[in-house]
Amino acid sequence: MAPPIKSRNRRSSSTSSSYTSTLTTLLFIALCVLGVWMLTSNSVASPKTRSAVDTSASTTNDFSSNDEQNDRTTTTNNNNDDDNNKKNRLDDSTSESTTNANNNIDDSISETTNNDLTSETTNRVFGDNPGKLPDDAIKSDDANNHERPKQQRKSSFAQNQEPRNSNNDPKNIVLEKDEVSAKGNIEDENQNAKGDQQQEVQDEANQQQLREDKGETEVMEKEQKKMPEQENESREEAVSVEKPKQEIKRRKSRKELKRQWSTQRDESQGEKERQNVNESGGSSSSSNVVVDQEGKDFKWSICNVTAGADYIPCLDNEKYLKTSHRKHFEHRERHCPEDAPTCLVSLPNGYKIHVPWPGSRDKIWYHNVPHVKLAEVKGHQNWVKLMGEFLTFPGGGTQFIHGALHYIDFLQKAQPDIEWGKHTRVILDVGCGVGSFGGYLFERDVIAMSFAPKDEHEAQVQFGLERGIPAISAVMGTQRLQFPSRVFDLIHCARCRVPWHEEGGMLLLELNRVLRPGGYFVWSATPVYQTLEEDVEIWKQMKALTKSMCWELVTIKNDTLNQVGAAFFRKTSSNECYEQREQSQPPMCKDDDDPNAAWYVPLQACMHKLPAEQTERGAKWPEVWPQRLQKSPYWLNDAEGEKLSTQNFAADSVRWKNIVDELKAMGVDWSNVRNVMDMRATYGGFAAALKDLPLWVFNVVNVDSGDTLPIIYERGLIGMYHDWCESFSTYPRTYDLLHANQLFSNLKTRCKLIPVIAEVDRVLRPGGHLVVRDELSVIDEVENLIKSLNWEITSKTSRNQEGLLCAKKSFWRPGP
């Protein structure tokens, strides 16, 4: 119900009088404030405090509009106070517009920084902090110090009339008591700083110009990208003004805060990187970027292949595997990528330094070769078993489930002429499985060149190499094996699943090529001792084929313990048998067909003639072991000017005589070395010098070098032909020491070094050593490449224009 009219008029009169009185009071206060401002014309309130006043007023107005009928008088008073505050802001608008804009910029830049500070840091006061604001209210305002013309500063004033900070931002709300305290502190300090502020401002302007010249503004521009678009536009219109002394101090303290946080962040990241590298055995100081031979930057990366940690580039060519024929196992032969890989193979999760020999013959770390299929399929035959964190090898095989040693002794008793370790030193084990046969032959001073394809029997060759047993991944398909002719003393096949009798005996004729005249072929397979119809038919064909090849079936013996049998065939040692055959099947090879050619040479169903003269290689059996190791082959040509001669052979042996002590002085721990590769062997002198150590050496003769591989086999050592412009046929992480003598300078004329170094990294085990002897310029180039892999350089010397470098591989792998 409305009150009487009289009462309304009386209230209206009273209100009018009160309103006049209020205006008079406000005018007086405004004049006082104007006078104070003129005395302290350069003073400004804290940007945070001023922003808080605007925010508080705006918040009050919003609340008033929602409850207008109940609090109209209060709203009117607040609006009047707000008008006075606006008037004060008009007087010092030039100063506040810049400060407010800078503060908003600093809020965006420093938000993440202050969130990461500890509580102890938050409670501290940096510099002259008016009102002792919390640290989250102290932001860097270095981003806006560019002075602008006076006219431009005035134009920016109007756009700073309204608060720039959002009312919804809780960080912009400051209690009123903090506002009053901040204003009082500012005024007091401004009185003391008045005499010095002009000089401070000039110094700050000069410093700002220097920072711009040095490019520090580029850093600020990057930080500005984090700000909202509206704040970026405001910042472009904001102007720099003279700042009092406490503002300069506060800015310096903010710089210190940023530097402190940046330092803590960098140290934290650096420590994390060091921990990651230390866990992987690498160094954090080396760069992963190198310059290739074309002058372009190159960065290492992990191979993105389905084979993962087991990647063999020339055997895992996915492009070829999709279209290859499989009738003759073509898909398991070498088919290298068009461009040699420059990526690095990843490590299996949980990889460890390998178990040292001789313990590795019986067990290896499961995580180093994490495959269990063979344990599931062949566990009952004692191939391999999973025992906790180890894969164990009881020494069995398909034909010798009760152990390889018993089987080896059985073969010796069946044919005493074998004489393990004396007459028979170097053998070829076809379809070697996990390598147990070759692994136990070391006890008989016999070294086996074992091979098997990378097929559904996963990791069989990888198991052998991890155990410390010589092996390569290869298959008998459509091409010759990468060995010279007439070099193996004995060839062994125990259920190797090779169809010897098919295709005119082509695969068996390849064994005939590499078998030494008078050497044995030992075949332990079901056709030898079982009477199933299929086995009987195969045996019939094998007897006819071997007879036509002039192989003598010496004996067949049965092993009662393992319930298997073995047939012993001996190759003829003269051409008479070939000439007396009723049918020339298989035919003799053409005279111009080099029997030693073995690098990508197609198989042929033919036989090569044997040596006719006693001075030719293969006419005589080598000396017994170990005399054959140091004796020059009888057939080595001593003709004047001949590169391969007994004099060079002797000089090569002398050269490597002290290699064990030399490499020990360079940081090589021989107790951790089992698998060794001489990447560019000549006469095998390097391997011969290591004879007394419990290790074996794989000798690689480059295809563009002299054919010295027959000499190496004559000495009772093993090796194969290879071109290091391609990948080697072995699993990753299979050698403990690689020796490269004059290799890289030779390769530079034919291929790039980065793919070669990538292959070296693939083949070498973590913790293994690379020893390089080469020209000084090449040594430096190789050193830079292996440093980019975070390897440790353990030794580097030079003498007579030749450099010697020894490096140790780390566990480092590049990140994603």
# chains A, B, ... in the order shown; residues from 1 in each chain; ligands from 1
>>> residues_around(residues="A:Glu613", least_positions_apart="3", cutoff="12 Å", atoms="only C-alpha atoms", output="ChimeraX atom specification")
/A:573-575,609-610,616-620,635
>>> residues_around(residues="A:Glu503", least_positions_apart="3", cutoff="12 Å", atoms="only C-alpha atoms", output="list in words")
Lys327, His328, Gly477, Thr478, Val498, Pro499, Trp500, Met506, Leu507, Leu508, Leu509, Gln541, Leu545, Pro586, Leu603, Gln604, Ala605 and Cys606 of chain A
>>> write_last_selection(atoms="all heavy atoms", output="tab-separated table (two decimals), in the first residue's frame")
chain	number	residue	atom	x	y	z
A	327	LYS	N	59.20	-71.02	-53.75
A	327	LYS	CA	59.45	-72.41	-54.10
A	327	LYS	C	60.85	-72.86	-53.72
A	327	LYS	O	61.04	-73.96	-53.19
A	327	LYS	CB	59.22	-72.61	-55.60
A	327	LYS	CG	59.42	-74.06	-56.05
A	327	LYS	CD	59.15	-74.21	-57.53
A	327	LYS	CE	59.37	-75.67	-57.98
A	327	LYS	NZ	59.12	-75.84	-59.43
A	328	HIS	N	61.83	-72.01	-53.99
A	328	HIS	CA	63.21	-72.34	-53.68
A	328	HIS	C	63.77	-71.48	-52.54
A	328	HIS	O	64.97	-71.21	-52.49
A	328	HIS	CB	64.08	-72.18	-54.92
A	328	HIS	CG	63.71	-73.10	-56.04
A	328	HIS	ND1	62.96	-72.67	-57.12
A	328	HIS	CD2	63.95	-74.42	-56.24
A	328	HIS	CE1	62.77	-73.69	-57.95
A	328	HIS	NE2	63.37	-74.76	-57.44
A	477	GLY	N	69.17	-71.76	-51.28
A	477	GLY	CA	68.05	-71.50	-52.17
A	477	GLY	C	68.45	-71.52	-53.63
A	477	GLY	O	68.60	-72.60	-54.22
A	478	THR	N	68.67	-70.35	-54.20
A	478	THR	CA	69.00	-70.25	-55.62
A	478	THR	C	70.40	-69.68	-55.87
A	478	THR	O	70.81	-69.59	-57.02
A	478	THR	CB	67.98	-69.34	-56.34
A	478	THR	OG1	68.11	-68.01	-55.84
A	478	THR	CG2	66.57	-69.84	-56.12
A	498	VAL	N	66.60	-80.04	-45.65
A	498	VAL	CA	66.97	-79.60	-46.99
A	498	VAL	C	66.71	-80.75	-47.96
A	498	VAL	O	67.20	-81.87	-47.75
A	498	VAL	CB	68.45	-79.18	-47.06
A	498	VAL	CG1	68.84	-78.79	-48.48
A	498	VAL	CG2	68.72	-78.03	-46.08
A	499	PRO	N	65.97	-80.51	-49.04
A	499	PRO	CA	65.67	-81.58	-50.01
A	499	PRO	C	66.86	-81.82	-50.94
A	499	PRO	O	66.86	-81.40	-52.11
A	499	PRO	CB	64.45	-81.03	-50.75
A	499	PRO	CG	64.62	-79.54	-50.69
A	499	PRO	CD	65.27	-79.26	-49.37
A	500	TRP	N	67.87	-82.53	-50.46
A	500	TRP	CA	69.10	-82.72	-51.22
A	500	TRP	C	68.87	-83.43	-52.56
A	500	TRP	O	69.59	-83.20	-53.53
A	500	TRP	CB	70.10	-83.52	-50.40
A	500	TRP	CG	70.45	-82.92	-49.06
A	500	TRP	CD1	70.20	-83.47	-47.84
A	500	TRP	CD2	71.14	-81.69	-48.83
A	500	TRP	NE1	70.67	-82.65	-46.84
A	500	TRP	CE2	71.26	-81.55	-47.42
A	500	TRP	CE3	71.66	-80.69	-49.65
A	500	TRP	CZ2	71.89	-80.46	-46.84
A	500	TRP	CZ3	72.27	-79.60	-49.06
A	500	TRP	CH2	72.39	-79.50	-47.68
A	506	MET	N	70.86	-80.08	-56.99
A	506	MET	CA	71.53	-78.78	-57.06
A	506	MET	C	72.09	-78.33	-55.71
A	506	MET	O	73.22	-77.83	-55.61
A	506	MET	CB	70.57	-77.72	-57.60
A	506	MET	CG	71.19	-76.34	-57.77
A	506	MET	SD	70.04	-75.15	-58.48
A	506	MET	CE	69.84	-75.83	-60.12
A	507	LEU	N	71.32	-78.52	-54.64
A	507	LEU	CA	71.78	-78.07	-53.32
A	507	LEU	C	72.92	-78.94	-52.80
A	507	LEU	O	73.85	-78.44	-52.16
A	507	LEU	CB	70.61	-78.06	-52.34
A	507	LEU	CG	69.43	-77.16	-52.72
A	507	LEU	CD1	68.35	-77.20	-51.65
A	507	LEU	CD2	69.88	-75.73	-52.95
A	508	LEU	N	72.86	-80.22	-53.05
A	508	LEU	CA	73.95	-81.09	-52.62
A	508	LEU	C	75.21	-80.81	-53.43
A	508	LEU	O	76.33	-80.92	-52.91
A	508	LEU	CB	73.53	-82.55	-52.77
A	508	LEU	CG	74.43	-83.58	-52.06
A	508	LEU	CD1	74.41	-83.35	-50.55
A	508	LEU	CD2	73.98	-85.01	-52.38
A	509	LEU	N	75.05	-80.42	-54.67
A	509	LEU	CA	76.20	-80.05	-55.49
A	509	LEU	C	76.87	-78.77	-54.98
A	509	LEU	O	78.08	-78.58	-55.15
A	509	LEU	CB	75.77	-79.87	-56.94
A	509	LEU	CG	75.41	-81.17	-57.67
A	509	LEU	CD1	74.75	-80.87	-59.01
A	509	LEU	CD2	76.65	-82.02	-57.88
A	541	GLN	N	67.07	-92.34	-53.70
A	541	GLN	CA	67.52	-91.26	-54.58
A	541	GLN	C	68.84	-90.66	-54.10
A	541	GLN	O	69.71	-90.30	-54.92
A	541	GLN	CB	66.44	-90.17	-54.65
A	541	GLN	CG	65.14	-90.61	-55.33
A	541	GLN	CD	64.17	-89.48	-55.51
A	541	GLN	OE1	64.55	-88.37	-55.88
A	541	GLN	NE2	62.89	-89.75	-55.24
A	545	LEU	N	72.34	-90.37	-56.25
A	545	LEU	CA	72.90	-89.04	-56.49
A	545	LEU	C	74.34	-88.95	-55.98
A	545	LEU	O	75.23	-88.46	-56.70
A	545	LEU	CB	72.03	-87.98	-55.81
A	545	LEU	CG	72.52	-86.53	-55.89
A	545	LEU	CD1	72.62	-86.06	-57.33
A	545	LEU	CD2	71.62	-85.61	-55.07
A	586	PRO	N	75.63	-85.66	-62.51
A	586	PRO	CA	75.58	-84.27	-62.94
A	586	PRO	C	76.75	-83.90	-63.87
A	586	PRO	O	77.83	-84.49	-63.77
A	586	PRO	CB	75.67	-83.49	-61.62
A	586	PRO	CG	75.38	-84.48	-60.55
A	586	PRO	CD	75.81	-85.79	-61.04
A	603	LEU	N	73.14	-70.63	-58.42
A	603	LEU	CA	73.52	-72.04	-58.34
A	603	LEU	C	73.45	-72.69	-59.72
A	603	LEU	O	72.61	-72.33	-60.55
A	603	LEU	CB	72.59	-72.79	-57.39
A	603	LEU	CG	72.73	-72.51	-55.89
A	603	LEU	CD1	71.69	-73.33	-55.13
A	603	LEU	CD2	74.13	-72.85	-55.40
A	604	GLN	N	74.31	-73.67	-59.91
A	604	GLN	CA	74.29	-74.46	-61.13
A	604	GLN	C	74.42	-75.94	-60.75
A	604	GLN	O	75.17	-76.29	-59.84
A	604	GLN	CB	75.44	-74.07	-62.05
A	604	GLN	CG	75.38	-72.63	-62.54
A	604	GLN	CD	76.51	-72.33	-63.52
A	604	GLN	OE1	76.69	-73.02	-64.52
A	604	GLN	NE2	77.26	-71.29	-63.23
A	605	ALA	N	73.72	-76.78	-61.45
A	605	ALA	CA	73.76	-78.22	-61.19
A	605	ALA	C	74.94	-78.84	-61.95
A	605	ALA	O	74.77	-79.57	-62.93
A	605	ALA	CB	72.45	-78.88	-61.58
A	606	CYS	N	76.15	-78.51	-61.46
A	606	CYS	CA	77.35	-79.05	-62.10
A	606	CYS	C	78.45	-79.19	-61.06
A	606	CYS	O	78.33	-78.70	-59.94
A	606	CYS	CB	77.81	-78.15	-63.24
A	606	CYS	SG	78.33	-76.50	-62.73
>>> closest_residue(among="A:Leu789, A:Leu737, A:Cys32, A:Cys432", to="A:Arg765", atoms="only C-alpha atoms")
A:Leu737
>>> select_by_dssp(residues="stretch 416-548 of chain A", states="strand (DSSP E)", output="mmCIF file with N, CA and C atoms, in the first residue's frame")
data_model
loop_
_atom_site.group_PDB
_atom_site.id
_atom_site.type_symbol
_atom_site.label_atom_id
_atom_site.label_comp_id
_atom_site.auth_asym_id
_atom_site.auth_seq_id
_atom_site.Cartn_x
_atom_site.Cartn_y
_atom_site.Cartn_z
ATOM 1 N N VAL A 426 87.731 -77.357 -39.258
ATOM 2 C CA VAL A 426 86.709 -76.399 -39.700
ATOM 3 C C VAL A 426 85.558 -77.160 -40.339
ATOM 4 N N ILE A 427 84.340 -76.976 -39.809
ATOM 5 C CA ILE A 427 83.187 -77.683 -40.352
ATOM 6 C C ILE A 427 82.070 -76.701 -40.668
ATOM 7 N N LEU A 428 81.144 -77.141 -41.502
ATOM 8 C CA LEU A 428 79.948 -76.378 -41.850
ATOM 9 C C LEU A 428 78.743 -77.136 -41.315
ATOM 10 N N ASP A 429 77.966 -76.467 -40.430
ATOM 11 C CA ASP A 429 76.776 -77.083 -39.846
ATOM 12 C C ASP A 429 75.544 -76.483 -40.505
ATOM 13 N N VAL A 430 74.888 -77.295 -41.362
ATOM 14 C CA VAL A 430 73.734 -76.829 -42.127
ATOM 15 C C VAL A 430 72.470 -77.013 -41.293
ATOM 16 N N ILE A 447 86.001 -75.705 -34.831
ATOM 17 C CA ILE A 447 85.187 -74.505 -34.993
ATOM 18 C C ILE A 447 84.192 -74.738 -36.122
ATOM 19 N N ALA A 448 82.922 -74.464 -35.845
ATOM 20 C CA ALA A 448 81.845 -74.726 -36.807
ATOM 21 C C ALA A 448 81.318 -73.423 -37.376
ATOM 22 N N MET A 449 81.174 -73.404 -38.699
ATOM 23 C CA MET A 449 80.487 -72.293 -39.367
ATOM 24 C C MET A 449 79.031 -72.709 -39.498
ATOM 25 N N SER A 450 78.197 -72.254 -38.563
ATOM 26 C CA SER A 450 76.806 -72.704 -38.488
ATOM 27 C C SER A 450 75.881 -71.711 -39.174
ATOM 28 N N PHE A 451 74.860 -72.209 -39.834
ATOM 29 C CA PHE A 451 73.886 -71.299 -40.441
ATOM 30 C C PHE A 451 72.518 -71.956 -40.512
ATOM 31 N N ALA A 452 71.525 -71.095 -40.533
ATOM 32 C CA ALA A 452 70.131 -71.513 -40.669
ATOM 33 C C ALA A 452 69.347 -70.306 -41.147
ATOM 34 N N ALA A 471 77.682 -68.251 -35.945
ATOM 35 C CA ALA A 471 76.502 -68.561 -36.755
ATOM 36 C C ALA A 471 76.155 -67.363 -37.609
ATOM 37 N N ILE A 472 75.513 -67.625 -38.754
ATOM 38 C CA ILE A 472 74.980 -66.583 -39.616
ATOM 39 C C ILE A 472 73.590 -66.993 -40.071
ATOM 40 N N SER A 473 72.816 -66.014 -40.510
ATOM 41 C CA SER A 473 71.505 -66.295 -41.085
ATOM 42 C C SER A 473 71.671 -66.462 -42.590
ATOM 43 N N PHE A 488 85.936 -76.554 -46.407
ATOM 44 C CA PHE A 488 85.445 -77.170 -45.170
ATOM 45 C C PHE A 488 85.923 -78.614 -45.071
ATOM 46 N N ASP A 489 86.420 -78.952 -43.882
ATOM 47 C CA ASP A 489 86.909 -80.307 -43.645
ATOM 48 C C ASP A 489 85.766 -81.305 -43.535
ATOM 49 N N LEU A 490 84.624 -80.838 -43.034
ATOM 50 C CA LEU A 490 83.457 -81.712 -42.839
ATOM 51 C C LEU A 490 82.203 -80.855 -42.902
ATOM 52 N N ILE A 491 81.141 -81.425 -43.476
ATOM 53 C CA ILE A 491 79.831 -80.765 -43.513
ATOM 54 C C ILE A 491 78.833 -81.659 -42.799
ATOM 55 N N HIS A 492 78.043 -81.041 -41.925
ATOM 56 C CA HIS A 492 77.129 -81.797 -41.072
ATOM 57 C C HIS A 492 75.698 -81.329 -41.285
ATOM 58 N N CYS A 493 74.768 -82.303 -41.334
ATOM 59 C CA CYS A 493 73.346 -81.996 -41.449
ATOM 60 C C CYS A 493 72.575 -82.968 -40.574
ATOM 61 N N ALA A 494 71.978 -82.456 -39.508
ATOM 62 C CA ALA A 494 71.155 -83.277 -38.621
ATOM 63 C C ALA A 494 69.709 -82.816 -38.764
ATOM 64 N N LEU A 515 83.101 -78.336 -50.052
ATOM 65 C CA LEU A 515 83.725 -79.408 -49.272
ATOM 66 C C LEU A 515 85.122 -79.703 -49.808
ATOM 67 N N ARG A 516 86.060 -79.847 -48.888
ATOM 68 C CA ARG A 516 87.435 -80.150 -49.258
ATOM 69 C C ARG A 516 87.530 -81.555 -49.857
ATOM 70 N N PRO A 517 88.330 -81.741 -50.912
ATOM 71 C CA PRO A 517 88.535 -83.103 -51.450
ATOM 72 C C PRO A 517 89.018 -84.048 -50.356
ATOM 73 N N GLY A 518 88.309 -85.163 -50.216
ATOM 74 C CA GLY A 518 88.606 -86.118 -49.156
ATOM 75 C C GLY A 518 87.845 -85.827 -47.876
ATOM 76 N N GLY A 519 87.033 -84.752 -47.861
ATOM 77 C CA GLY A 519 86.262 -84.408 -46.668
ATOM 78 C C GLY A 519 84.978 -85.210 -46.558
ATOM 79 N N TYR A 520 84.344 -85.154 -45.367
ATOM 80 C CA TYR A 520 83.153 -85.960 -45.077
ATOM 81 C C TYR A 520 81.876 -85.101 -45.077
ATOM 82 N N PHE A 521 80.810 -85.738 -45.566
ATOM 83 C CA PHE A 521 79.470 -85.203 -45.395
ATOM 84 C C PHE A 521 78.721 -86.159 -44.478
ATOM 85 N N VAL A 522 78.319 -85.673 -43.286
ATOM 86 C CA VAL A 522 77.620 -86.486 -42.285
ATOM 87 C C VAL A 522 76.151 -86.105 -42.315
ATOM 88 N N TRP A 523 75.324 -87.094 -42.663
ATOM 89 C CA TRP A 523 73.893 -86.851 -42.795
ATOM 90 C C TRP A 523 73.152 -87.690 -41.772
ATOM 91 N N SER A 524 72.550 -87.017 -40.794
ATOM 92 C CA SER A 524 71.774 -87.690 -39.754
ATOM 93 C C SER A 524 70.315 -87.292 -39.952
#
>>> atom_distance(atom1="atom CA of A:Arg425", atom2="atom CA of A:Glu443")
11.8 Å
>>> atom_distance(atom1="atom CA of A:Ile538", atom2="atom CA of A:Glu579")
26.8 Å
>>> closest_residue(among="A:Arg513, A:Arg680, A:Arg570, A:Lys322", to="A:Thr708", atoms="only C-alpha atoms")
A:Arg680
